[in-house]
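Chemist: Please read through the structure below; I'll follow up with questions.
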Amino acid sequence: MNLLSDPVGVSHYLVVGAILFTTGVVCMVVKRNALGVLMGIELVLNGANVNFVAFGSPVLRGEQASILGLDGQAMALFVILLAAAEAAVALAITLNFYNNHATVDVDRADDLKG
Amino acid sequence: MIGTLFGVSSLLAATSGGINWHSFFFLLFALLACGLAVAVVLADNVVRMAFYLVLSLGATAGLFFLAGAEFVGAMQLMIYVGGTLVLLIFGVMLTAQEPFVAIKTPARDKVLAGIVGGGLLAVLLQAAFTGPAWSEAPADMAERTLGQVTQPSATPLGMALVGVRVDGDVASGERSPADGNVRSGYLLPFEIVSVHLLVVLVGAAYLARTKRRKAVAIARDESTTGGVR
Amino acid sequence: MAEYLIQTVGLPEWLAWSLMAGLSAVLILNLMAGGALVFIWAERKVSARIQDRLGPTRTGGSFGWLQSLADGIKLLAKEDLMPAGADGMLFRVAPYVSFCASFAAFIGLPFAFDMVGLRLNVGVFYVVAVLGLEVFGVILAGYASASKWSLFGAMREAAQVVSYEVPLGMCIVVPVMLAGTMDLVTIGEKQAGWFTNWYVFHDPFTFVIFWVYVTCAVASVNRAPFDLAEAESELVAGFHTEYSGLRWSFFFMAEYSSMFLVSGLAAVLFLGGWNGPIPVASLLGLSDGTGDTTGVLVRLVGLGNLLGKATLGVLIMMWIRWTLPRLRIDQVMTTCLKYCTPIAAVMFAGAMTWLWVFPGGVLDIDTGSRRPGEIREGWLDGPGGRGAAAVSTPSSVPNNAAVAEVAE
């Protein structure tokens, strides 16, 4: 299989989506900085977006794309919008946390621990 | 080294047979997106993480353009890269004091996350290659990717958002020419998202505002009442 | 052009496409670099004249033509410094991020009918989105310099550019709404004919919103009076305090090319794009088809028109810079949030109402040039349906059927 001369199919996009998703999950798990966790979430959402766009793409799927029609792209749009909203709120929470606790380490957010 | 050799040899092979530019740019953007996403995980410095994330999301926008979703790609650039990440960097800069720029993760967590992530990746990749219809490109792809067929991507999406579907509309009973289905528009989700964004705007402004002003006001109140007394 | 190479010269397909892509890239890159040289010289001369000086007079003849070249050589020869506490990788990469963003935005900007790096059907959206990425390099530079001045400049820049994207977007939506498409080529082509067809003269609301656009464009490319990010009277040099030599000149080139870009965008969106004020070509009955020589000539004149309009825009920005004092940061924010945004919103609603009341426009003096019906997107009639024939054929003979269809 020659990647440079063979045409690209949906599978290629799914692989990219899978890698983005996995790195996002790992990022969310590994990072202790609240903003790093936020970046992990962005990566996860983006991986999902890649899949949505690939399944709805007329270029990649030809006539088969009509099964999903515009839904793939519209879903991707909504995901982007909600990600923006989520980022704004999460950032506000992080700043608030920083103002109160003078740190952005999520492991230190344990005030309610018994 | 072997990877480089393989890359060069496959490049030469492709050159002799003619490079498929669509595949080439897909490969370029895909490698950029994935490599930089991995770099986000590996980086310790939070500002560098943000920088890698920007480039990764930008490369993903390139992938969207290649898939014919130009509007979504431009949206990704505008909102994600231009808006969200500038916001994120803003947050990073507000909280970036020496001890927090690089918070180290224990090695045990890293190993654990690596195992979990590897398992997840294996499952996802297995799923990606099981659908036989997914690995084949459509027959007329060559002419679609040469830029000859530019399908308008913005206007049908805009119409769908205000409730009219060009690919089979449920309201007018018009069936899709491709598969004879009817589909509903996105007017209600669109409205919900709009209101949601407004709520988020107000909520974020409320959450992030400093409490200092209130404290100062209270202090001033006390001082004035103290003065009256 | 690539088709010409494939069919006539007989090159293999992939080679022809890559040659053409390389040629476009080289042309745009040279436009940016050469434009920056010319504009830096012009800035020196304009500022000198405004301040009652002469400006450069010696290097390369009596007008100092070669002054910016000499500057360039000086910058190349300068030592490349990096502060000790700087984040090396980000510090090095930041100027290129800025530069690449403004370069990438040029891909979507049409220079004449069909003379465009890549004709996107979301052209204007793409250009604005990519132009917004330029701020990224500035923020990175400010952070990575490990200097208080730079960090302040970057913070101001981030706040300012993100805020100004709101009214800027609203201003851009108006021509998009009038044209019914985001394709810059179609938007420009719809303003063909006499200058009364230009969108700035479409109705009073668009006339006002054009000036709002000018304000926001100046602010979004960080020019005085909105150059808070590099306010030299308070922040030394703002975000590029620590930069020197070639990297600094990359920031400079990015700034000048984005000035040119927003001016070009203004020209395409509001000022008729590559169409001159008087439709000479269609009055003389010259054909503007793709294949013949007159078509190419008409296109080259159009290219001159667009470059002229964009250069005029850049000169006006210089005039503004050397005339008005710099605003304070709170005044910048006030201008954006309390003036530009509400005015743009009201004008947007007004233009929408106008379009609804006078669907054909009131000043639409038709001269027999290309009609909107011929260049309208045809997808509305379904794939391959009725309208498909009316799409994107800039034929010199008006397609009566298409015009009639639009008139319905």
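Chain lettering (A, B, ...) mirrors the order of the structure tokens, residue numbering begins at 1 for each chain separately, and ligand numbering begins at 1 in order of display.
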For chain B against chain C, which residues fall within 6 Å using only C-alpha atoms, given as a PyMOL selection string?
Modeler: chain B and resi 74+77-78+82+152
Chemist: Only N, CA, C and O atoms, please: the residues just picked out, written as a PDB file, in the first residue's frame.
Modeler:
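For reference, selection-v2.pdb as written:
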```
ATOM      1  N   ALA B  74     -12.869  26.287   7.839  1.00  0.00           N
ATOM      2  CA  ALA B  74     -12.693  27.713   8.140  1.00  0.00           C
ATOM      3  C   ALA B  74     -13.209  28.031   9.530  1.00  0.00           C
ATOM      4  O   ALA B  74     -12.619  28.824  10.271  1.00  0.00           O
ATOM      5  N   LEU B  77     -10.654  27.024  12.013  1.00  0.00           N
ATOM      6  CA  LEU B  77      -9.579  28.011  12.109  1.00  0.00           C
ATOM      7  C   LEU B  77     -10.042  29.225  12.904  1.00  0.00           C
ATOM      8  O   LEU B  77      -9.329  29.746  13.745  1.00  0.00           O
ATOM      9  N   MET B  78     -11.257  29.670  12.609  1.00  0.00           N
ATOM     10  CA  MET B  78     -11.739  30.922  13.196  1.00  0.00           C
ATOM     11  C   MET B  78     -12.026  30.737  14.682  1.00  0.00           C
ATOM     12  O   MET B  78     -11.518  31.484  15.524  1.00  0.00           O
ATOM     13  N   GLY B  82      -8.434  30.544  16.314  1.00  0.00           N
ATOM     14  CA  GLY B  82      -8.381  31.985  16.507  1.00  0.00           C
ATOM     15  C   GLY B  82      -9.002  32.427  17.813  1.00  0.00           C
ATOM     16  O   GLY B  82      -8.545  33.373  18.433  1.00  0.00           O
ATOM     17  N   PRO B 152     -20.409  23.691  -3.212  1.00  0.00           N
ATOM     18  CA  PRO B 152     -20.606  24.727  -2.207  1.00  0.00           C
ATOM     19  C   PRO B 152     -20.889  24.076  -0.873  1.00  0.00           C
ATOM     20  O   PRO B 152     -21.786  23.242  -0.762  1.00  0.00           O
TER      21      PRO B 152
END
```
Chemist: Rounded to one decimal place, report the atom CA of C:Glu232-atom CA of C:Cys336 distance in Å.
Modeler: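 Going from atom CA of C:Glu232 over to atom CA of C:Cys336, I get 22.0 Å.
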Chemist: Distance limit 7 Å, atoms considered: only C-alpha atoms. Which chain A residues sit that close to chain B? Return them as a compact mmCIF listing (two decimals) with all heavy atoms, in the first residue's frame.
Modeler:
```txt
# COMPACT_ATOMS: atom_id res chain seq x y z
N ASN A 2 0.80 2.00 -1.02
CA ASN A 2 1.60 3.21 -1.12
C ASN A 2 0.75 4.41 -0.71
O ASN A 2 -0.24 4.74 -1.36
CB ASN A 2 2.10 3.38 -2.56
CG ASN A 2 3.12 4.46 -2.64
OD1 ASN A 2 3.17 5.33 -1.76
ND2 ASN A 2 3.94 4.44 -3.66
N LEU A 3 1.16 5.05 0.39
CA LEU A 3 0.34 6.12 0.93
C LEU A 3 0.34 7.35 0.03
O LEU A 3 -0.58 8.15 0.05
CB LEU A 3 0.86 6.51 2.31
CG LEU A 3 0.43 5.61 3.44
CD1 LEU A 3 1.13 6.02 4.71
CD2 LEU A 3 -1.06 5.66 3.62
N LEU A 4 1.41 7.49 -0.79
CA LEU A 4 1.51 8.72 -1.56
C LEU A 4 0.70 8.68 -2.85
O LEU A 4 0.28 9.71 -3.35
CB LEU A 4 2.97 9.00 -1.91
CG LEU A 4 3.72 9.82 -0.87
CD1 LEU A 4 5.15 9.97 -1.27
CD2 LEU A 4 3.08 11.16 -0.69
N SER A 5 0.49 7.48 -3.39
CA SER A 5 -0.19 7.46 -4.68
C SER A 5 -1.60 6.88 -4.59
O SER A 5 -2.40 7.11 -5.49
CB SER A 5 0.63 6.68 -5.70
OG SER A 5 0.91 5.40 -5.21
N ASP A 6 -1.90 6.12 -3.51
CA ASP A 6 -3.26 5.60 -3.40
C ASP A 6 -4.20 6.69 -2.94
O ASP A 6 -3.82 7.55 -2.15
CB ASP A 6 -3.29 4.46 -2.37
CG ASP A 6 -2.59 3.22 -2.90
OD1 ASP A 6 -2.28 3.23 -4.11
OD2 ASP A 6 -2.34 2.30 -2.13
N PRO A 7 -5.44 6.67 -3.43
CA PRO A 7 -6.39 7.67 -2.95
C PRO A 7 -6.74 7.45 -1.49
O PRO A 7 -6.66 6.34 -0.97
CB PRO A 7 -7.61 7.47 -3.85
CG PRO A 7 -7.45 6.12 -4.41
CD PRO A 7 -5.99 5.84 -4.48
N VAL A 8 -7.12 8.56 -0.84
CA VAL A 8 -7.40 8.52 0.59
C VAL A 8 -8.84 8.09 0.80
O VAL A 8 -9.74 8.56 0.12
CB VAL A 8 -7.18 9.93 1.18
CG1 VAL A 8 -7.58 9.94 2.63
CG2 VAL A 8 -5.74 10.32 1.03
N GLY A 9 -9.06 7.19 1.74
CA GLY A 9 -10.42 6.78 2.06
C GLY A 9 -10.82 7.22 3.45
O GLY A 9 -10.08 7.93 4.13
N VAL A 10 -12.00 6.78 3.85
CA VAL A 10 -12.48 7.17 5.18
C VAL A 10 -11.59 6.58 6.26
O VAL A 10 -11.35 7.21 7.29
CB VAL A 10 -13.94 6.69 5.35
CG1 VAL A 10 -14.44 7.02 6.74
CG2 VAL A 10 -14.82 7.36 4.34
N SER A 11 -11.06 5.37 6.02
CA SER A 11 -10.23 4.71 7.02
C SER A 11 -9.05 5.59 7.43
O SER A 11 -8.71 5.66 8.61
CB SER A 11 -9.69 3.40 6.48
OG SER A 11 -10.68 2.44 6.51
N LEU A 14 -10.22 7.99 9.79
CA LEU A 14 -10.55 7.38 11.07
C LEU A 14 -9.29 7.15 11.89
O LEU A 14 -9.31 7.29 13.12
CB LEU A 14 -11.28 6.06 10.85
CG LEU A 14 -12.68 6.16 10.25
CD1 LEU A 14 -13.36 4.81 10.27
CD2 LEU A 14 -13.51 7.17 11.00
N VAL A 15 -8.20 6.79 11.21
CA VAL A 15 -6.94 6.57 11.93
C VAL A 15 -6.49 7.88 12.59
O VAL A 15 -6.13 7.91 13.77
CB VAL A 15 -5.86 6.02 10.98
CG1 VAL A 15 -4.52 6.02 11.67
CG2 VAL A 15 -6.22 4.63 10.53
N VAL A 16 -6.55 8.96 11.80
CA VAL A 16 -6.17 10.26 12.37
C VAL A 16 -7.05 10.60 13.56
O VAL A 16 -6.58 11.03 14.62
CB VAL A 16 -6.24 11.36 11.31
CG1 VAL A 16 -5.93 12.71 11.92
CG2 VAL A 16 -5.30 11.08 10.19
N ALA A 18 -8.65 8.57 15.48
CA ALA A 18 -8.35 7.69 16.61
C ALA A 18 -7.11 8.18 17.36
O ALA A 18 -7.09 8.22 18.60
CB ALA A 18 -8.13 6.26 16.12
N ILE A 19 -6.09 8.57 16.59
CA ILE A 19 -4.86 9.03 17.26
C ILE A 19 -5.12 10.31 18.05
O ILE A 19 -4.69 10.44 19.20
CB ILE A 19 -3.74 9.23 16.21
CG1 ILE A 19 -3.36 7.88 15.62
CG2 ILE A 19 -2.53 9.87 16.86
CD1 ILE A 19 -2.35 7.97 14.53
N LEU A 20 -5.87 11.24 17.43
CA LEU A 20 -6.17 12.48 18.14
C LEU A 20 -6.96 12.19 19.41
O LEU A 20 -6.68 12.73 20.48
CB LEU A 20 -6.96 13.43 17.24
CG LEU A 20 -6.20 14.13 16.13
CD1 LEU A 20 -7.12 15.04 15.37
CD2 LEU A 20 -5.07 14.93 16.71
N THR A 22 -7.07 9.40 21.18
CA THR A 22 -6.27 8.72 22.21
C THR A 22 -5.31 9.69 22.88
O THR A 22 -5.19 9.70 24.12
CB THR A 22 -5.48 7.58 21.57
OG1 THR A 22 -6.35 6.85 20.71
CG2 THR A 22 -4.92 6.68 22.61
N THR A 23 -4.64 10.52 22.08
CA THR A 23 -3.72 11.47 22.70
C THR A 23 -4.48 12.41 23.62
O THR A 23 -3.98 12.78 24.69
CB THR A 23 -2.97 12.30 21.64
OG1 THR A 23 -3.91 12.74 20.68
CG2 THR A 23 -1.88 11.51 20.99
N VAL A 26 -5.19 10.51 26.85
CA VAL A 26 -3.95 10.40 27.63
C VAL A 26 -3.60 11.74 28.25
O VAL A 26 -3.19 11.83 29.41
CB VAL A 26 -2.82 9.87 26.73
CG1 VAL A 26 -1.50 9.91 27.47
CG2 VAL A 26 -3.12 8.46 26.29
N CYS A 27 -3.78 12.80 27.46
CA CYS A 27 -3.46 14.14 27.94
C CYS A 27 -4.33 14.49 29.14
O CYS A 27 -3.84 15.03 30.14
CB CYS A 27 -3.70 15.14 26.80
SG CYS A 27 -3.01 16.74 27.07
N VAL A 29 -5.62 12.44 31.22
CA VAL A 29 -5.27 11.61 32.38
C VAL A 29 -3.95 12.07 32.99
O VAL A 29 -3.81 12.15 34.20
CB VAL A 29 -5.19 10.14 31.93
CG1 VAL A 29 -4.69 9.28 33.07
CG2 VAL A 29 -6.55 9.66 31.48
N VAL A 30 -3.01 12.38 32.12
CA VAL A 30 -1.64 12.57 32.59
C VAL A 30 -1.42 13.96 33.19
O VAL A 30 -0.76 14.10 34.21
CB VAL A 30 -0.67 12.32 31.42
CG1 VAL A 30 0.69 12.87 31.73
CG2 VAL A 30 -0.58 10.84 31.14
N LYS A 31 -1.99 14.98 32.56
CA LYS A 31 -1.65 16.34 32.96
C LYS A 31 -2.23 16.68 34.32
O LYS A 31 -3.38 16.33 34.62
CB LYS A 31 -2.17 17.34 31.93
CG LYS A 31 -1.62 17.13 30.54
CD LYS A 31 -0.18 17.51 30.46
CE LYS A 31 0.35 17.12 29.08
NZ LYS A 31 1.80 17.15 29.00
N ARG A 32 -1.46 17.40 35.10
CA ARG A 32 -1.98 17.86 36.38
C ARG A 32 -2.36 19.33 36.32
O ARG A 32 -3.07 19.83 37.20
CB ARG A 32 -0.93 17.63 37.46
CG ARG A 32 -0.88 16.18 37.89
CD ARG A 32 0.31 15.92 38.75
NE ARG A 32 0.26 16.72 39.97
CZ ARG A 32 1.34 17.04 40.67
NH1 ARG A 32 2.52 16.62 40.27
NH2 ARG A 32 1.24 17.75 41.75
N ASN A 33 -1.89 20.00 35.30
CA ASN A 33 -2.28 21.40 35.10
C ASN A 33 -3.70 21.43 34.54
O ASN A 33 -4.00 20.76 33.55
CB ASN A 33 -1.30 22.03 34.11
CG ASN A 33 -1.47 23.52 34.02
OD1 ASN A 33 -2.57 24.02 34.15
ND2 ASN A 33 -0.38 24.22 33.81
N GLY A 36 -3.89 22.01 30.97
CA GLY A 36 -3.49 20.85 30.17
C GLY A 36 -4.65 19.88 29.99
O GLY A 36 -4.86 19.33 28.92
N VAL A 53 -16.63 14.54 10.04
CA VAL A 53 -16.42 15.14 8.72
C VAL A 53 -16.11 14.06 7.69
O VAL A 53 -16.61 14.09 6.57
CB VAL A 53 -15.29 16.19 8.79
CG1 VAL A 53 -14.84 16.58 7.41
CG2 VAL A 53 -15.76 17.39 9.54
N ALA A 54 -15.31 13.06 8.11
CA ALA A 54 -14.94 12.01 7.15
C ALA A 54 -16.17 11.23 6.71
O ALA A 54 -16.36 10.97 5.51
CB ALA A 54 -13.91 11.08 7.77
N SER A 57 -18.32 13.24 4.29
CA SER A 57 -17.65 13.93 3.20
C SER A 57 -18.00 13.33 1.84
O SER A 57 -17.79 12.15 1.61
CB SER A 57 -16.14 13.85 3.41
OG SER A 57 -15.49 14.09 2.20
N VAL A 59 -16.43 13.97 -0.83
CA VAL A 59 -15.18 13.69 -1.54
C VAL A 59 -14.68 12.29 -1.22
O VAL A 59 -14.25 11.54 -2.09
CB VAL A 59 -14.11 14.74 -1.16
CG1 VAL A 59 -12.77 14.36 -1.74
CG2 VAL A 59 -14.52 16.10 -1.62
N LEU A 60 -14.79 11.92 0.07
CA LEU A 60 -14.23 10.64 0.48
C LEU A 60 -15.17 9.48 0.22
O LEU A 60 -14.73 8.35 0.03
CB LEU A 60 -13.88 10.68 1.97
CG LEU A 60 -12.85 11.70 2.36
CD1 LEU A 60 -12.65 11.69 3.85
CD2 LEU A 60 -11.55 11.41 1.67
N ARG A 61 -16.47 9.74 0.27
CA ARG A 61 -17.39 8.62 0.22
C ARG A 61 -18.22 8.58 -1.05
O ARG A 61 -18.96 7.64 -1.27
CB ARG A 61 -18.32 8.65 1.42
CG ARG A 61 -17.57 8.68 2.72
CD ARG A 61 -18.42 8.21 3.84
NE ARG A 61 -18.70 6.79 3.73
CZ ARG A 61 -19.66 6.19 4.40
NH1 ARG A 61 -20.45 6.88 5.17
NH2 ARG A 61 -19.85 4.89 4.28
N GLY A 62 -18.13 9.61 -1.88
CA GLY A 62 -18.91 9.59 -3.11
C GLY A 62 -20.39 9.58 -2.80
O GLY A 62 -20.87 10.28 -1.91
N SER A 66 -24.34 10.39 0.94
CA SER A 66 -25.70 10.89 1.04
C SER A 66 -26.45 10.20 2.19
O SER A 66 -27.48 10.67 2.62
CB SER A 66 -26.43 10.66 -0.27
OG SER A 66 -26.52 9.28 -0.51
N GLY A 69 -25.51 12.66 4.55
CA GLY A 69 -25.84 13.98 4.05
C GLY A 69 -25.03 15.06 4.71
O GLY A 69 -23.83 14.91 4.94
N LEU A 70 -25.72 16.14 5.05
CA LEU A 70 -25.05 17.26 5.68
C LEU A 70 -24.83 17.03 7.16
O LEU A 70 -24.16 17.83 7.81
CB LEU A 70 -25.89 18.51 5.51
CG LEU A 70 -25.80 19.21 4.18
CD1 LEU A 70 -26.84 20.29 4.13
CD2 LEU A 70 -24.43 19.81 4.04
N GLN A 73 -21.24 17.30 8.70
CA GLN A 73 -20.66 18.64 8.84
C GLN A 73 -21.40 19.46 9.88
O GLN A 73 -20.78 20.21 10.65
CB GLN A 73 -20.67 19.35 7.50
CG GLN A 73 -19.75 18.70 6.51
CD GLN A 73 -19.64 19.49 5.24
OE1 GLN A 73 -19.81 20.70 5.25
NE2 GLN A 73 -19.36 18.83 4.15
N ALA A 74 -22.74 19.32 9.93
CA ALA A 74 -23.50 20.11 10.90
C ALA A 74 -23.12 19.69 12.32
O ALA A 74 -22.93 20.55 13.20
CB ALA A 74 -24.99 19.92 10.67
N LEU A 77 -19.91 21.21 13.24
CA LEU A 77 -20.09 22.62 13.59
C LEU A 77 -20.56 22.77 15.02
O LEU A 77 -20.03 23.59 15.79
CB LEU A 77 -21.12 23.25 12.66
CG LEU A 77 -20.64 23.76 11.33
CD1 LEU A 77 -21.74 24.51 10.65
CD2 LEU A 77 -19.46 24.67 11.55
N ILE A 80 -17.82 22.13 17.44
CA ILE A 80 -16.88 23.25 17.55
C ILE A 80 -17.47 24.35 18.44
O ILE A 80 -16.80 24.88 19.34
CB ILE A 80 -16.53 23.81 16.16
CG1 ILE A 80 -15.70 22.80 15.38
CG2 ILE A 80 -15.77 25.10 16.27
CD1 ILE A 80 -15.39 23.22 13.98
N ALA A 84 -16.13 25.63 22.11
CA ALA A 84 -15.77 27.01 22.43
C ALA A 84 -16.45 27.42 23.73
O ALA A 84 -15.83 28.00 24.63
CB ALA A 84 -16.18 27.94 21.30
N ALA A 85 -17.74 27.08 23.85
CA ALA A 85 -18.47 27.43 25.07
C ALA A 85 -17.84 26.76 26.28
O ALA A 85 -17.62 27.39 27.32
CB ALA A 85 -19.93 27.01 24.92
N ALA A 87 -14.82 25.67 26.63
CA ALA A 87 -13.51 26.22 26.95
C ALA A 87 -13.66 27.51 27.75
O ALA A 87 -12.92 27.74 28.71
CB ALA A 87 -12.72 26.47 25.68
N ALA A 88 -14.63 28.35 27.36
CA ALA A 88 -14.81 29.62 28.07
C ALA A 88 -15.15 29.37 29.53
O ALA A 88 -14.56 29.95 30.44
CB ALA A 88 -15.90 30.44 27.39
N VAL A 89 -16.12 28.45 29.76
CA VAL A 89 -16.54 28.21 31.14
C VAL A 89 -15.41 27.54 31.93
O VAL A 89 -15.12 27.93 33.08
CB VAL A 89 -17.81 27.34 31.16
CG1 VAL A 89 -18.11 26.90 32.58
CG2 VAL A 89 -18.96 28.12 30.62
N LEU A 91 -12.28 27.72 31.47
CA LEU A 91 -11.23 28.69 31.73
C LEU A 91 -11.62 29.61 32.88
O LEU A 91 -10.80 29.92 33.76
CB LEU A 91 -10.98 29.50 30.46
CG LEU A 91 -9.62 30.12 30.37
CD1 LEU A 91 -8.58 29.05 30.36
CD2 LEU A 91 -9.53 30.92 29.10
N ALA A 92 -12.91 30.01 32.89
CA ALA A 92 -13.38 30.87 33.97
C ALA A 92 -13.25 30.14 35.30
O ALA A 92 -12.82 30.71 36.31
CB ALA A 92 -14.82 31.28 33.73
N ILE A 93 -13.62 28.85 35.30
CA ILE A 93 -13.51 28.07 36.55
C ILE A 93 -12.05 27.98 36.98
O ILE A 93 -11.72 28.15 38.17
CB ILE A 93 -14.12 26.67 36.35
CG1 ILE A 93 -15.62 26.79 36.16
CG2 ILE A 93 -13.81 25.78 37.53
CD1 ILE A 93 -16.29 25.49 35.80
N LEU A 95 -9.61 30.02 36.31
CA LEU A 95 -9.13 31.31 36.83
C LEU A 95 -9.65 31.54 38.25
O LEU A 95 -8.92 32.03 39.12
CB LEU A 95 -9.59 32.45 35.92
CG LEU A 95 -8.83 32.56 34.60
CD1 LEU A 95 -9.31 33.76 33.83
CD2 LEU A 95 -7.34 32.68 34.87
N ASN A 96 -10.90 31.14 38.47
CA ASN A 96 -11.48 31.30 39.79
C ASN A 96 -10.73 30.45 40.81
O ASN A 96 -10.41 30.89 41.91
CB ASN A 96 -12.94 30.87 39.73
CG ASN A 96 -13.80 31.76 40.59
OD1 ASN A 96 -13.29 32.63 41.28
ND2 ASN A 96 -15.10 31.54 40.55
N VAL A 104 -2.91 25.94 39.79
CA VAL A 104 -3.77 25.36 38.76
C VAL A 104 -3.60 23.84 38.73
O VAL A 104 -4.00 23.20 37.78
CB VAL A 104 -3.47 25.94 37.37
CG1 VAL A 104 -4.03 27.32 37.23
CG2 VAL A 104 -1.99 25.93 37.09
```
Chemist: Using DSSP on the backbone coordinates, identify all residues within stretch 4-165 of chain C classified as helix (DSSP H, G or I); present the result as a ChimeraX atom specification.
Modeler: /C:4-9,13-50,67-77,88-106,123-131,134-144,148-165
Chemist: Suppose you want the space between atom CA of C:Gln67 and atom CA of C:Ala237; what is it in Å?
Modeler: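 Separation of atom CA of C:Gln67 and atom CA of C:Ala237: 22.1 Å.
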Chemist: With only C-alpha atoms counted and 6 Å as the cut-off, give the residues of stretch 196-294 of chain C in contact with stretch 185-191 of chain C, each with its shortest interatomic distance in Å and the pair that gives it, as CSV.
Modeler:
```
residue,atom,partner,partner_atom,distance
C:Asn197,CA,C:Gln191,CA,5.1
C:Trp198,CA,C:Gln191,CA,5.1
C:Val268,CA,C:Gly188,CA,5.3
C:Gly272,CA,C:Gln191,CA,5.1
C:Gly273,CA,C:Gly188,CA,5.0
```
Chemist: Do you know which residues are at most 12 Å from C:Trp319 counting only C-alpha atoms, after dropping those on the same chain fewer than 2 positions away, and could you put them as a PyMOL selection string?
Modeler: chain C and resi 42-51+218+223-225+312-317+321-325
Chemist: One decimal, Å: what's the distance from atom CA of C:Met333 over to atom CA of C:Lys309, could you say?
Modeler: 29.1 Å
